[in-house]
Amino acid sequence: MKINLSTRVNQPYLKVKEGFTEDLFQSLNPPFPPVKLLRFDGSSTGDIVSLELNFLLFKQVWTSEITDDQTVENEFYFVDEGIKLPFFLRFWRHKHRIVSKGATQSLIIDEISYRAPNILLEVVLFPVLYAQFALRKPIYKKYFGQHKPV
């Protein structure tokens with residue numbers, strides 16, 4: 001399954017790139033399940049991001065590796081791929097794109113591909129995952145509207 005979302009923010013793309021930090025990652029955590037950050041190396045190739053999802057009755061570890069990152073004229077992107085996933089996922093690939101939209105604006109694009117153990121679970125997960133990533137839109141707008149990354 002695929003999910004694609006985009007959010008326009010009021011900062012140049014290289015400033016947005018600088019803002020993809022542990023602080024932003026913590027700000028993007030959904031209300032449920034609660035997330036505990038176990039490791040955050042960054043968004044460069046070879047970096048690891050690991051977190052623990054707390055579903056109250058059980059916990060699941062989700063670890064991703066950054067498998068690619070590129071900065072080119074007018075765009076930066078990095079790709080995280082799941083290397084240890086919760087039981088309800090078999091495959092995860094998330095391409096984070098930051099595309100220049102002029103001198104003062106950028107478009108943050110989340111391109112997500114995932115697979116579950118079966119098609120029924122993929123379909124059930126779609127609205128849940130879509131909602132969790134849609135919740136990022138106002139956070140991105142606020143973070144990159146008022147907050148000025150160093």
# chains A, B, ... in the order shown; residues from 1 in each chain; ligands from 1
>>> residues_around(residues="region 85-98 of chain A", least_positions_apart="5", cutoff="8 Å", atoms="only C-alpha atoms", output="MDAnalysis selection string")
chainID A and resid 13 16:17 60:63 75:80 106:117 121
>>> write_last_selection(atoms="N, CA and C atoms", output="PDB file, in the first residue's frame")
ATOM      1  N   TYR A  13      13.922  25.320   1.531  1.00  0.00           N
ATOM      2  CA  TYR A  13      14.113  23.875   1.698  1.00  0.00           C
ATOM      3  C   TYR A  13      15.372  23.512   2.472  1.00  0.00           C
ATOM      4  N   VAL A  16      14.580  23.869   6.101  1.00  0.00           N
ATOM      5  CA  VAL A  16      13.739  22.759   6.529  1.00  0.00           C
ATOM      6  C   VAL A  16      14.604  21.517   6.711  1.00  0.00           C
ATOM      7  N   LYS A  17      15.520  21.288   5.782  1.00  0.00           N
ATOM      8  CA  LYS A  17      16.446  20.153   5.908  1.00  0.00           C
ATOM      9  C   LYS A  17      17.167  20.208   7.252  1.00  0.00           C
ATOM     10  N   GLN A  60       6.095  -2.712  21.248  1.00  0.00           N
ATOM     11  CA  GLN A  60       6.726  -3.167  20.016  1.00  0.00           C
ATOM     12  C   GLN A  60       7.872  -2.225  19.668  1.00  0.00           C
ATOM     13  N   VAL A  61       8.997  -2.786  19.246  1.00  0.00           N
ATOM     14  CA  VAL A  61      10.129  -1.969  18.799  1.00  0.00           C
ATOM     15  C   VAL A  61      10.055  -1.821  17.286  1.00  0.00           C
ATOM     16  N   TRP A  62      10.338  -0.601  16.832  1.00  0.00           N
ATOM     17  CA  TRP A  62      10.367  -0.288  15.409  1.00  0.00           C
ATOM     18  C   TRP A  62      11.709   0.372  15.145  1.00  0.00           C
ATOM     19  N   THR A  63      12.519  -0.262  14.324  1.00  0.00           N
ATOM     20  CA  THR A  63      13.827   0.281  13.994  1.00  0.00           C
ATOM     21  C   THR A  63      13.932   0.433  12.485  1.00  0.00           C
ATOM     22  N   GLU A  75      15.906  20.332  -3.964  1.00  0.00           N
ATOM     23  CA  GLU A  75      15.296  19.225  -3.236  1.00  0.00           C
ATOM     24  C   GLU A  75      16.313  18.512  -2.346  1.00  0.00           C
ATOM     25  N   PHE A  76      15.804  18.080  -1.178  1.00  0.00           N
ATOM     26  CA  PHE A  76      16.532  17.179  -0.290  1.00  0.00           C
ATOM     27  C   PHE A  76      15.585  16.033   0.013  1.00  0.00           C
ATOM     28  N   TYR A  77      16.133  14.826   0.079  1.00  0.00           N
ATOM     29  CA  TYR A  77      15.308  13.709   0.518  1.00  0.00           C
ATOM     30  C   TYR A  77      16.157  12.718   1.289  1.00  0.00           C
ATOM     31  N   PHE A  78      15.460  11.949   2.126  1.00  0.00           N
ATOM     32  CA  PHE A  78      16.078  10.794   2.750  1.00  0.00           C
ATOM     33  C   PHE A  78      15.034   9.693   2.853  1.00  0.00           C
ATOM     34  N   VAL A  79      15.518   8.451   2.885  1.00  0.00           N
ATOM     35  CA  VAL A  79      14.640   7.287   2.883  1.00  0.00           C
ATOM     36  C   VAL A  79      14.917   6.462   4.128  1.00  0.00           C
ATOM     37  N   ASP A  80      13.862   6.172   4.893  1.00  0.00           N
ATOM     38  CA  ASP A  80      14.029   5.217   5.997  1.00  0.00           C
ATOM     39  C   ASP A  80      13.302   3.924   5.646  1.00  0.00           C
ATOM     40  N   SER A 106       8.649  25.767   1.072  1.00  0.00           N
ATOM     41  CA  SER A 106       9.010  24.405   0.698  1.00  0.00           C
ATOM     42  C   SER A 106       7.783  23.517   0.802  1.00  0.00           C
ATOM     43  N   LEU A 107       7.879  22.381   0.159  1.00  0.00           N
ATOM     44  CA  LEU A 107       6.851  21.362   0.257  1.00  0.00           C
ATOM     45  C   LEU A 107       7.493  20.138   0.897  1.00  0.00           C
ATOM     46  N   ILE A 108       6.935  19.703   2.036  1.00  0.00           N
ATOM     47  CA  ILE A 108       7.386  18.465   2.679  1.00  0.00           C
ATOM     48  C   ILE A 108       6.463  17.360   2.178  1.00  0.00           C
ATOM     49  N   ILE A 109       7.061  16.355   1.567  1.00  0.00           N
ATOM     50  CA  ILE A 109       6.286  15.267   0.975  1.00  0.00           C
ATOM     51  C   ILE A 109       6.665  13.963   1.674  1.00  0.00           C
ATOM     52  N   ASP A 110       5.669  13.273   2.190  1.00  0.00           N
ATOM     53  CA  ASP A 110       5.854  11.949   2.788  1.00  0.00           C
ATOM     54  C   ASP A 110       5.341  10.927   1.792  1.00  0.00           C
ATOM     55  N   GLU A 111       6.250  10.084   1.293  1.00  0.00           N
ATOM     56  CA  GLU A 111       5.889   9.004   0.375  1.00  0.00           C
ATOM     57  C   GLU A 111       6.136   7.689   1.105  1.00  0.00           C
ATOM     58  N   ILE A 112       5.069   7.018   1.476  1.00  0.00           N
ATOM     59  CA  ILE A 112       5.152   5.829   2.323  1.00  0.00           C
ATOM     60  C   ILE A 112       4.665   4.609   1.548  1.00  0.00           C
ATOM     61  N   SER A 113       5.444   3.544   1.636  1.00  0.00           N
ATOM     62  CA  SER A 113       5.023   2.246   1.105  1.00  0.00           C
ATOM     63  C   SER A 113       5.120   1.251   2.256  1.00  0.00           C
ATOM     64  N   TYR A 114       4.096   0.429   2.409  1.00  0.00           N
ATOM     65  CA  TYR A 114       4.127  -0.575   3.484  1.00  0.00           C
ATOM     66  C   TYR A 114       3.400  -1.826   3.041  1.00  0.00           C
ATOM     67  N   ARG A 115       3.740  -2.896   3.720  1.00  0.00           N
ATOM     68  CA  ARG A 115       3.030  -4.158   3.544  1.00  0.00           C
ATOM     69  C   ARG A 115       2.786  -4.757   4.917  1.00  0.00           C
ATOM     70  N   ALA A 116       1.656  -5.373   5.050  1.00  0.00           N
ATOM     71  CA  ALA A 116       1.289  -6.087   6.277  1.00  0.00           C
ATOM     72  C   ALA A 116       1.331  -7.590   5.970  1.00  0.00           C
ATOM     73  N   PRO A 117       1.154  -8.428   6.985  1.00  0.00           N
ATOM     74  CA  PRO A 117       1.169  -9.876   6.740  1.00  0.00           C
ATOM     75  C   PRO A 117       0.092 -10.343   5.765  1.00  0.00           C
ATOM     76  N   LEU A 121      -5.239  -6.779   6.564  1.00  0.00           N
ATOM     77  CA  LEU A 121      -4.582  -5.912   7.547  1.00  0.00           C
ATOM     78  C   LEU A 121      -4.029  -4.656   6.882  1.00  0.00           C
TER      79      LEU A 121
END
>>> atom_distance(atom1="CA of Leu51 (chain A)", atom2="CA of Val35 (chain A)")
6.5 Å
>>> select_by_dssp(residues="chain A", states="strand (DSSP E or B)", output="mmCIF file with N, CA and C atoms, in the first residue's frame")
data_model
loop_
_atom_site.group_PDB
_atom_site.id
_atom_site.type_symbol
_atom_site.label_atom_id
_atom_site.label_comp_id
_atom_site.auth_asym_id
_atom_site.auth_seq_id
_atom_site.Cartn_x
_atom_site.Cartn_y
_atom_site.Cartn_z
ATOM 1 N N LYS A 2 0.310 2.318 -0.492
ATOM 2 C CA LYS A 2 1.053 3.573 -0.560
ATOM 3 C C LYS A 2 0.227 4.705 0.042
ATOM 4 N N ILE A 3 0.947 5.597 0.718
ATOM 5 C CA ILE A 3 0.353 6.812 1.267
ATOM 6 C C ILE A 3 1.251 7.960 0.839
ATOM 7 N N ASN A 4 0.660 9.016 0.297
ATOM 8 C CA ASN A 4 1.408 10.207 -0.096
ATOM 9 C C ASN A 4 0.696 11.434 0.466
ATOM 10 N N LEU A 5 1.447 12.216 1.213
ATOM 11 C CA LEU A 5 0.918 13.455 1.783
ATOM 12 C C LEU A 5 1.929 14.571 1.553
ATOM 13 N N SER A 6 1.448 15.795 1.380
ATOM 14 C CA SER A 6 2.366 16.920 1.236
ATOM 15 C C SER A 6 1.869 18.103 2.066
ATOM 16 N N THR A 7 2.840 18.875 2.551
ATOM 17 C CA THR A 7 2.555 20.029 3.404
ATOM 18 C C THR A 7 3.444 21.189 2.977
ATOM 19 N N ARG A 8 2.836 22.316 2.690
ATOM 20 C CA ARG A 8 3.602 23.521 2.345
ATOM 21 C C ARG A 8 3.986 24.241 3.637
ATOM 22 N N VAL A 9 5.255 24.620 3.747
ATOM 23 C CA VAL A 9 5.748 25.331 4.923
ATOM 24 C C VAL A 9 6.478 26.599 4.489
ATOM 25 N N VAL A 35 5.121 6.904 22.213
ATOM 26 C CA VAL A 35 6.375 6.482 21.605
ATOM 27 C C VAL A 35 7.543 6.893 22.496
ATOM 28 N N LYS A 36 8.445 5.951 22.733
ATOM 29 C CA LYS A 36 9.687 6.235 23.454
ATOM 30 C C LYS A 36 10.826 6.127 22.449
ATOM 31 N N LEU A 37 11.575 7.200 22.282
ATOM 32 C CA LEU A 37 12.691 7.189 21.352
ATOM 33 C C LEU A 37 13.862 6.443 21.978
ATOM 34 N N LEU A 38 14.297 5.388 21.324
ATOM 35 C CA LEU A 38 15.415 4.587 21.815
ATOM 36 C C LEU A 38 16.741 5.035 21.202
ATOM 37 N N ARG A 39 16.679 5.474 19.935
ATOM 38 C CA ARG A 39 17.906 5.898 19.243
ATOM 39 C C ARG A 39 17.522 6.801 18.083
ATOM 40 N N PHE A 40 18.287 7.880 17.919
ATOM 41 C CA PHE A 40 18.087 8.787 16.790
ATOM 42 C C PHE A 40 19.451 9.268 16.335
ATOM 43 N N ILE A 48 20.494 5.266 12.116
ATOM 44 C CA ILE A 48 19.451 4.395 12.662
ATOM 45 C C ILE A 48 18.502 5.226 13.510
ATOM 46 N N VAL A 49 17.221 4.932 13.385
ATOM 47 C CA VAL A 49 16.192 5.509 14.254
ATOM 48 C C VAL A 49 15.416 4.330 14.833
ATOM 49 N N SER A 50 15.339 4.282 16.163
ATOM 50 C CA SER A 50 14.651 3.171 16.814
ATOM 51 C C SER A 50 13.715 3.728 17.876
ATOM 52 N N LEU A 51 12.527 3.151 17.935
ATOM 53 C CA LEU A 51 11.547 3.613 18.911
ATOM 54 C C LEU A 51 10.754 2.441 19.453
ATOM 55 N N GLU A 52 10.143 2.692 20.584
ATOM 56 C CA GLU A 52 9.290 1.685 21.221
ATOM 57 C C GLU A 52 7.866 2.216 21.237
ATOM 58 N N LEU A 53 6.955 1.452 20.659
ATOM 59 C CA LEU A 53 5.535 1.789 20.651
ATOM 60 C C LEU A 53 4.880 1.105 21.843
ATOM 61 N N ASN A 54 4.156 1.873 22.636
ATOM 62 C CA ASN A 54 3.513 1.329 23.830
ATOM 63 C C ASN A 54 2.008 1.227 23.596
ATOM 64 N N LYS A 59 4.283 -3.884 24.098
ATOM 65 C CA LYS A 59 5.163 -2.905 23.462
ATOM 66 C C LYS A 59 5.795 -3.545 22.230
ATOM 67 N N GLN A 60 6.095 -2.712 21.248
ATOM 68 C CA GLN A 60 6.726 -3.167 20.016
ATOM 69 C C GLN A 60 7.872 -2.225 19.668
ATOM 70 N N VAL A 61 8.997 -2.786 19.246
ATOM 71 C CA VAL A 61 10.129 -1.969 18.799
ATOM 72 C C VAL A 61 10.055 -1.821 17.286
ATOM 73 N N TRP A 62 10.338 -0.601 16.832
ATOM 74 C CA TRP A 62 10.367 -0.288 15.409
ATOM 75 C C TRP A 62 11.709 0.372 15.145
ATOM 76 N N THR A 63 12.519 -0.262 14.324
ATOM 77 C CA THR A 63 13.827 0.281 13.994
ATOM 78 C C THR A 63 13.932 0.433 12.485
ATOM 79 N N SER A 64 14.374 1.605 12.071
ATOM 80 C CA SER A 64 14.572 1.883 10.647
ATOM 81 C C SER A 64 15.990 2.357 10.412
ATOM 82 N N GLU A 65 16.477 2.063 9.218
ATOM 83 C CA GLU A 65 17.785 2.549 8.787
ATOM 84 C C GLU A 65 17.575 3.543 7.657
ATOM 85 N N ILE A 66 18.356 4.622 7.669
ATOM 86 C CA ILE A 66 18.334 5.564 6.561
ATOM 87 C C ILE A 66 19.172 4.924 5.450
ATOM 88 N N THR A 67 18.518 4.583 4.345
ATOM 89 C CA THR A 67 19.192 3.846 3.278
ATOM 90 C C THR A 67 19.642 4.743 2.131
ATOM 91 N N ASP A 68 19.184 5.990 2.121
ATOM 92 C CA ASP A 68 19.573 6.909 1.056
ATOM 93 C C ASP A 68 19.271 8.327 1.512
ATOM 94 N N ASP A 69 20.119 9.255 1.104
ATOM 95 C CA ASP A 69 19.833 10.680 1.289
ATOM 96 C C ASP A 69 20.559 11.447 0.193
ATOM 97 N N GLN A 70 19.927 12.477 -0.301
ATOM 98 C CA GLN A 70 20.502 13.294 -1.376
ATOM 99 C C GLN A 70 20.058 14.738 -1.212
ATOM 100 N N THR A 71 20.979 15.639 -1.485
ATOM 101 C CA THR A 71 20.649 17.054 -1.595
ATOM 102 C C THR A 71 21.028 17.474 -3.001
ATOM 103 N N VAL A 72 20.033 17.923 -3.744
ATOM 104 C CA VAL A 72 20.256 18.406 -5.102
ATOM 105 C C VAL A 72 19.625 19.787 -5.199
ATOM 106 N N GLU A 75 15.906 20.332 -3.964
ATOM 107 C CA GLU A 75 15.296 19.225 -3.236
ATOM 108 C C GLU A 75 16.313 18.512 -2.346
ATOM 109 N N PHE A 76 15.804 18.080 -1.178
ATOM 110 C CA PHE A 76 16.532 17.179 -0.290
ATOM 111 C C PHE A 76 15.585 16.033 0.013
ATOM 112 N N TYR A 77 16.133 14.826 0.079
ATOM 113 C CA TYR A 77 15.308 13.709 0.518
ATOM 114 C C TYR A 77 16.157 12.718 1.289
ATOM 115 N N PHE A 78 15.460 11.949 2.126
ATOM 116 C CA PHE A 78 16.078 10.794 2.750
ATOM 117 C C PHE A 78 15.034 9.693 2.853
ATOM 118 N N VAL A 79 15.518 8.451 2.885
ATOM 119 C CA VAL A 79 14.640 7.287 2.883
ATOM 120 C C VAL A 79 14.917 6.462 4.128
ATOM 121 N N ASP A 80 13.862 6.172 4.893
ATOM 122 C CA ASP A 80 14.029 5.217 5.997
ATOM 123 C C ASP A 80 13.302 3.924 5.646
ATOM 124 N N GLU A 81 13.982 2.819 5.927
ATOM 125 C CA GLU A 81 13.414 1.500 5.657
ATOM 126 C C GLU A 81 13.449 0.682 6.936
ATOM 127 N N GLY A 82 12.329 0.026 7.227
ATOM 128 C CA GLY A 82 12.216 -0.770 8.443
ATOM 129 C C GLY A 82 13.140 -1.974 8.424
ATOM 130 N N ILE A 83 13.915 -2.128 9.511
ATOM 131 C CA ILE A 83 14.755 -3.320 9.643
ATOM 132 C C ILE A 83 14.265 -4.204 10.794
ATOM 133 N N LYS A 84 13.540 -3.621 11.724
ATOM 134 C CA LYS A 84 12.836 -4.380 12.777
ATOM 135 C C LYS A 84 11.485 -3.697 12.920
ATOM 136 N N PHE A 91 6.850 -4.816 5.755
ATOM 137 C CA PHE A 91 7.718 -3.969 4.950
ATOM 138 C C PHE A 91 7.364 -2.517 5.221
ATOM 139 N N TRP A 92 8.398 -1.658 5.293
ATOM 140 C CA TRP A 92 8.189 -0.221 5.488
ATOM 141 C C TRP A 92 9.260 0.541 4.731
ATOM 142 N N ARG A 93 8.841 1.494 3.914
ATOM 143 C CA ARG A 93 9.758 2.409 3.227
ATOM 144 C C ARG A 93 9.104 3.778 3.218
ATOM 145 N N HIS A 94 9.828 4.772 3.754
ATOM 146 C CA HIS A 94 9.298 6.124 3.867
ATOM 147 C C HIS A 94 10.317 7.092 3.279
ATOM 148 N N LYS A 95 9.942 7.691 2.162
ATOM 149 C CA LYS A 95 10.791 8.711 1.542
ATOM 150 C C LYS A 95 10.286 10.074 1.990
ATOM 151 N N HIS A 96 11.163 10.815 2.653
ATOM 152 C CA HIS A 96 10.878 12.172 3.116
ATOM 153 C C HIS A 96 11.480 13.124 2.086
ATOM 154 N N ARG A 97 10.652 13.885 1.409
ATOM 155 C CA ARG A 97 11.148 14.828 0.403
ATOM 156 C C ARG A 97 10.871 16.247 0.865
ATOM 157 N N ILE A 98 11.833 17.127 0.646
ATOM 158 C CA ILE A 98 11.665 18.556 0.914
ATOM 159 C C ILE A 98 12.008 19.256 -0.393
ATOM 160 N N VAL A 99 10.992 19.841 -1.013
ATOM 161 C CA VAL A 99 11.128 20.424 -2.337
ATOM 162 C C VAL A 99 10.974 21.939 -2.230
ATOM 163 N N SER A 100 11.906 22.655 -2.839
ATOM 164 C CA SER A 100 11.846 24.120 -2.844
ATOM 165 C C SER A 100 10.632 24.595 -3.632
ATOM 166 N N SER A 106 8.649 25.767 1.072
ATOM 167 C CA SER A 106 9.010 24.405 0.698
ATOM 168 C C SER A 106 7.783 23.517 0.802
ATOM 169 N N LEU A 107 7.879 22.381 0.159
ATOM 170 C CA LEU A 107 6.851 21.362 0.257
ATOM 171 C C LEU A 107 7.493 20.138 0.897
ATOM 172 N N ILE A 108 6.935 19.703 2.036
ATOM 173 C CA ILE A 108 7.386 18.465 2.679
ATOM 174 C C ILE A 108 6.463 17.360 2.178
ATOM 175 N N ILE A 109 7.061 16.355 1.567
ATOM 176 C CA ILE A 109 6.286 15.267 0.975
ATOM 177 C C ILE A 109 6.665 13.963 1.674
ATOM 178 N N ASP A 110 5.669 13.273 2.190
ATOM 179 C CA ASP A 110 5.854 11.949 2.788
ATOM 180 C C ASP A 110 5.341 10.927 1.792
ATOM 181 N N GLU A 111 6.250 10.084 1.293
ATOM 182 C CA GLU A 111 5.889 9.004 0.375
ATOM 183 C C GLU A 111 6.136 7.689 1.105
ATOM 184 N N ILE A 112 5.069 7.018 1.476
ATOM 185 C CA ILE A 112 5.152 5.829 2.323
ATOM 186 C C ILE A 112 4.665 4.609 1.548
ATOM 187 N N SER A 113 5.444 3.544 1.636
ATOM 188 C CA SER A 113 5.023 2.246 1.105
ATOM 189 C C SER A 113 5.120 1.251 2.256
ATOM 190 N N TYR A 114 4.096 0.429 2.409
ATOM 191 C CA TYR A 114 4.127 -0.575 3.484
ATOM 192 C C TYR A 114 3.400 -1.826 3.041
ATOM 193 N N ARG A 115 3.740 -2.896 3.720
ATOM 194 C CA ARG A 115 3.030 -4.158 3.544
ATOM 195 C C ARG A 115 2.786 -4.757 4.917
#
>>> atom_distance(atom1="CA of Phe133 (chain A)", atom2="CA of Asn29 (chain A)")
9.6 Å
>>> atom_distance(atom1="CA of Gly102 (chain A)", atom2="CA of Arg136 (chain A)")
22.2 Å
>>> select_by_dssp(residues="chain A", states="alpha helix (DSSP H)", output="PyMOL selection string")
chain A and resi 13-19+22-27+119-134+136-143
